[in-house]
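Chemist: Mind having a look at this structure? Questions to follow.
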Amino acid sequence: MLLAAITTVRRSPRARLLALALTLPFVLLGRGQAEEDPEIPEVDRYEKGIVIRFEGMITPLLEQFIYRQLTVAERHGADLVIVEIDSAGGLVDPSFNIARALRDVDWAHTVAFVPREALSGAAVVALGCDRIYLHPDAALGDVGVMTVGRDSLFRYAEEKIRTHVATQLRDLAEAGGRPPALAEAMVNMDLIVYEVTNRETGERTFMSDAEIESSADPAVWEKGKPVFESREKHFLEVNGLRAVELQLADGNARDLSELTGILELTGQPRILRPTGIDTAVFILNLPFVTGLLFVVGLVALYVEFSAPGISIGGLIALLCFALFFWSRFLGGTAEVLEVVLFLAGVLFLAVEIFVLPGFGVAGITGMLLIVAGLVMASQDFVIPQTPRQVESLSVSMLVVVSSAAVFLIAASVLSRYFGSLPIVNRLVLKPVSDSQAEGGVRLTAEGKPLPSIPSGVSVGDWGVALTPLRPAGKARFGDEMLDVLTDGTFVAAGRPIRIVEMLGAEILVSDVESS
């Protein structure tokens, strides 16, 4: 059954274009603009064949995968694209999006090959191709639209959704020269279709009573027997042999080799398999991996804010969140808006930490923007309209909340042991104790002599903090820019400070007003 996922708030097609654009830095998979050449004429022989394997449940992830495969096929100059379909269906919108993408391919002929089954949304995809070939025992049809109720049970979608799907399916069938009534019967279980013959031309086709009556001359059609598969209370579903009889398919083929012989393809077709990018996108879209990226990225940001200027934490955080949004762009659930929200949230947090110390409006706003950006990038809707979307939103929120909880624990540990953890302790400027003095020369924690203080400063001198002092940072005294240290209190950048003590190469300062 086709799972309804139609919402009143739809995403724009920019996600698809941006996803393809973001793929370019990793592989040469540019979608490219269609050349303004006329459509390829019908030919008896094909020279460059490409096979795309279409398997599993139809989701936005699979939709974007097909787009990337079509891009590769176009880049290789294919004149024949065989879509090998083995699927029981999936979501409504991705199914029709893929079907329309195949229908609109003007640089090659598209052929759907069904070795086992193309049901529900997969039947929709097949109808989007120029030709359809099935194994004699394969199944095609049954596009009954299902939705999940509040009780989490499947039931048929309401009439307005079924009507919308039936209209789109009729358009696809008509564009491919197939009987629209039979396509509609895949969605409408109460539609009866008849075999009819044109008395003047002898043309044989299949129509419903409504189609006959609404035709230009109803009397010209001689109505025959009803199609058995379209009887009441049954969604139309046929095998390969019957699909050819009903003009839904162009022929039968038992395997890919037989199909290429029928199509007179010269040479062996190239089979496109999932690439490293496809595997990476799939893995990065797993909830556990997504949560791991969040935790590592947030911890890295915490380290960067705790020791500004080191840049290691910032680079790691940038990598984690770049991977997250990259995978979501290629997965078809993210757009520019989500990235803008996330970056705006980070900016608000930075303002809260470095400009307006404390925890106020800027900090809360930043956290909300970050959460909104991450959650919206994980789903293909804004406001949930169906139980499935509510479930998807719940999973996204669970991942974000769980990651935040793990981050808070990690941040608590880091704040307590930041200066003693291996490797991390090298990022922190530590005060030097008197026990490390040796012969009047101050030594570092590693036992190396510290540089001497310029003679131009002394206790009581006033200066300005150039960076936030938390507690270490830089300050200017006259023309001298020196490393300074507070007694543990925070001093914002730009605040006037005063030297209260000088121990070897260590300058202890305090805020003038607090002093």
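Each chain of the structure tokens is named A, B, ... in the order shown, its residues numbered from 1; ligands are numbered from 1 in display order.
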Pick out the residues sitting within 6 Å of segment 329-342 of chain A, and hand them over as number ranges by chain; count only C-alpha atoms, and ignore anything fewer than 5 positions along from it in its own chain.
Modeler: A: 15, 19, 60-61, 64, 369-370, 373, 377-380
Chemist: Could you write out that same residue set with N, CA and C atoms as an mmCIF file, in the first residue's frame?
Modeler:
```cif
data_model
loop_
_atom_site.group_PDB
_atom_site.id
_atom_site.type_symbol
_atom_site.label_atom_id
_atom_site.label_comp_id
_atom_site.auth_asym_id
_atom_site.auth_seq_id
_atom_site.Cartn_x
_atom_site.Cartn_y
_atom_site.Cartn_z
ATOM 1 N N ALA A 15 15.749 21.971 -2.247
ATOM 2 C CA ALA A 15 16.569 21.003 -1.518
ATOM 3 C C ALA A 15 17.262 20.060 -2.477
ATOM 4 N N ALA A 19 21.216 19.929 -2.847
ATOM 5 C CA ALA A 19 21.864 18.657 -2.532
ATOM 6 C C ALA A 19 22.807 18.255 -3.649
ATOM 7 N N PRO A 60 12.423 9.767 1.125
ATOM 8 C CA PRO A 60 13.211 10.881 0.560
ATOM 9 C C PRO A 60 14.669 10.505 0.328
ATOM 10 N N LEU A 61 15.218 9.606 1.152
ATOM 11 C CA LEU A 61 16.600 9.177 0.974
ATOM 12 C C LEU A 61 16.771 8.438 -0.349
ATOM 13 N N GLN A 64 16.503 10.912 -3.373
ATOM 14 C CA GLN A 64 17.747 11.630 -3.691
ATOM 15 C C GLN A 64 18.782 10.700 -4.312
ATOM 16 N N LEU A 369 17.199 28.300 18.557
ATOM 17 C CA LEU A 369 17.489 28.322 17.128
ATOM 18 C C LEU A 369 18.296 27.105 16.699
ATOM 19 N N ILE A 370 19.252 26.709 17.512
ATOM 20 C CA ILE A 370 20.054 25.524 17.190
ATOM 21 C C ILE A 370 19.177 24.286 17.149
ATOM 22 N N GLY A 373 16.947 24.341 14.051
ATOM 23 C CA GLY A 373 17.686 24.023 12.834
ATOM 24 C C GLY A 373 17.997 22.546 12.704
ATOM 25 N N ALA A 377 16.099 20.052 9.963
ATOM 26 C CA ALA A 377 16.967 19.427 8.961
ATOM 27 C C ALA A 377 16.838 17.913 8.950
ATOM 28 N N SER A 378 16.209 17.337 9.973
ATOM 29 C CA SER A 378 16.079 15.880 10.067
ATOM 30 C C SER A 378 14.755 15.367 9.522
ATOM 31 N N GLN A 379 13.898 16.254 8.996
ATOM 32 C CA GLN A 379 12.591 15.819 8.516
ATOM 33 C C GLN A 379 12.194 16.641 7.298
ATOM 34 N N ASP A 380 11.246 16.124 6.514
ATOM 35 C CA ASP A 380 10.857 16.782 5.271
ATOM 36 C C ASP A 380 9.561 17.567 5.418
#
```
Chemist: Neighbouring residues of segment 234-242 of chain A were defined as those with any atom within 9 Å, considering only C-alpha atoms; residues of the same chain fewer than 4 positions away were excluded. Please report them as a count of residues only.
Modeler: 35
Chemist: Please measure the separation of atom CA of Gly261 of chain A and atom CA of His76 of chain A, giving the value in Å to one decimal.
Modeler: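 Result for atom CA of Gly261 of chain A versus atom CA of His76 of chain A: 21.4 Å, one decimal.
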Chemist: Can you tell me, as a PyMOL selection string, what residues are no more than 12 Å from Cys320 of chain A when counting only C-alpha atoms, ignoring any on the same chain fewer than 2 positions away?
Modeler: chain A and resi 284+289-301+313-318+322-327
Chemist: May I have the residues from that selection written out with C-alpha atoms, as a PDB file, in the first residue's frame?
Modeler:
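Contents of part34.pdb, as written:
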```pdb
ATOM      1  CA  LEU A 284      24.975   9.566   8.691  1.00  0.00           C
ATOM      2  CA  VAL A 289      25.160   8.343  14.254  1.00  0.00           C
ATOM      3  CA  THR A 290      23.284  11.644  14.155  1.00  0.00           C
ATOM      4  CA  GLY A 291      23.269  11.792  17.947  1.00  0.00           C
ATOM      5  CA  LEU A 292      26.981  10.989  18.038  1.00  0.00           C
ATOM      6  CA  LEU A 293      27.702  13.880  15.663  1.00  0.00           C
ATOM      7  CA  PHE A 294      25.684  16.196  17.894  1.00  0.00           C
ATOM      8  CA  VAL A 295      27.527  15.157  21.074  1.00  0.00           C
ATOM      9  CA  VAL A 296      31.007  15.413  19.547  1.00  0.00           C
ATOM     10  CA  GLY A 297      30.173  18.732  17.878  1.00  0.00           C
ATOM     11  CA  LEU A 298      28.738  20.283  21.065  1.00  0.00           C
ATOM     12  CA  VAL A 299      31.653  19.096  23.204  1.00  0.00           C
ATOM     13  CA  ALA A 300      34.073  20.515  20.633  1.00  0.00           C
ATOM     14  CA  LEU A 301      32.245  23.855  20.750  1.00  0.00           C
ATOM     15  CA  GLY A 313      37.502  22.527  19.031  1.00  0.00           C
ATOM     16  CA  GLY A 314      36.035  24.877  16.470  1.00  0.00           C
ATOM     17  CA  LEU A 315      37.386  22.815  13.571  1.00  0.00           C
ATOM     18  CA  ILE A 316      36.029  19.559  15.004  1.00  0.00           C
ATOM     19  CA  ALA A 317      32.624  21.141  15.657  1.00  0.00           C
ATOM     20  CA  LEU A 318      32.565  22.563  12.135  1.00  0.00           C
ATOM     21  CA  ALA A 322      28.994  20.110   8.256  1.00  0.00           C
ATOM     22  CA  LEU A 323      28.698  16.320   7.909  1.00  0.00           C
ATOM     23  CA  PHE A 324      25.247  16.427   9.490  1.00  0.00           C
ATOM     24  CA  PHE A 325      23.855  19.112   7.181  1.00  0.00           C
ATOM     25  CA  TRP A 326      25.617  17.627   4.133  1.00  0.00           C
ATOM     26  CA  SER A 327      23.968  14.260   4.729  1.00  0.00           C
TER      27      SER A 327
END
```
Chemist: Find the residue from A:His109, A:Arg116, A:Arg162, A:Arg204 that sits nearest to Gly77 of chain A; use only C-alpha atoms when measuring.
Modeler: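 Of the candidates, the smallest distance to Gly77 of chain A is held by A:His109.
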Chemist: With only C-alpha atoms as the counted atoms, please give the residues lying no more than 7 Å from Val196 of chain A, apart from itself and same-chain residues fewer than 4 positions off, as a count of residues only.
Modeler: 8
Chemist: Looking at A:Asp86, A:Leu265, A:Phe96, A:Pro287, which one is nearest to Ser394 of chain A, with distances taken over only C-alpha atoms?
Modeler: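 Answer, going by the shortest atom-to-atom distance: A:Pro287.
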Chemist: Separation of atom CA of Thr197 of chain A and atom CA of Asp250 of chain A, in Å?
Modeler: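 A separation of 19.7 Å between them.
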Chemist: For a quick check of understanding, using only C-alpha atoms, which of A:Val83, A:Val491, A:Val382, A:Val464 has the smallest distance to Leu272 of chain A?
Modeler: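 Looking at the shortest contact to Leu272 of chain A, the residue is A:Val83.
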Chemist: Report, in Å to a single decimal, how far apart atom CA of Gly463 of chain A and atom CA of Phe354 of chain A are.
Modeler: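 Straight-line distance from atom CA of Phe354 of chain A to atom CA of Gly463 of chain A works out to 19.1 Å.
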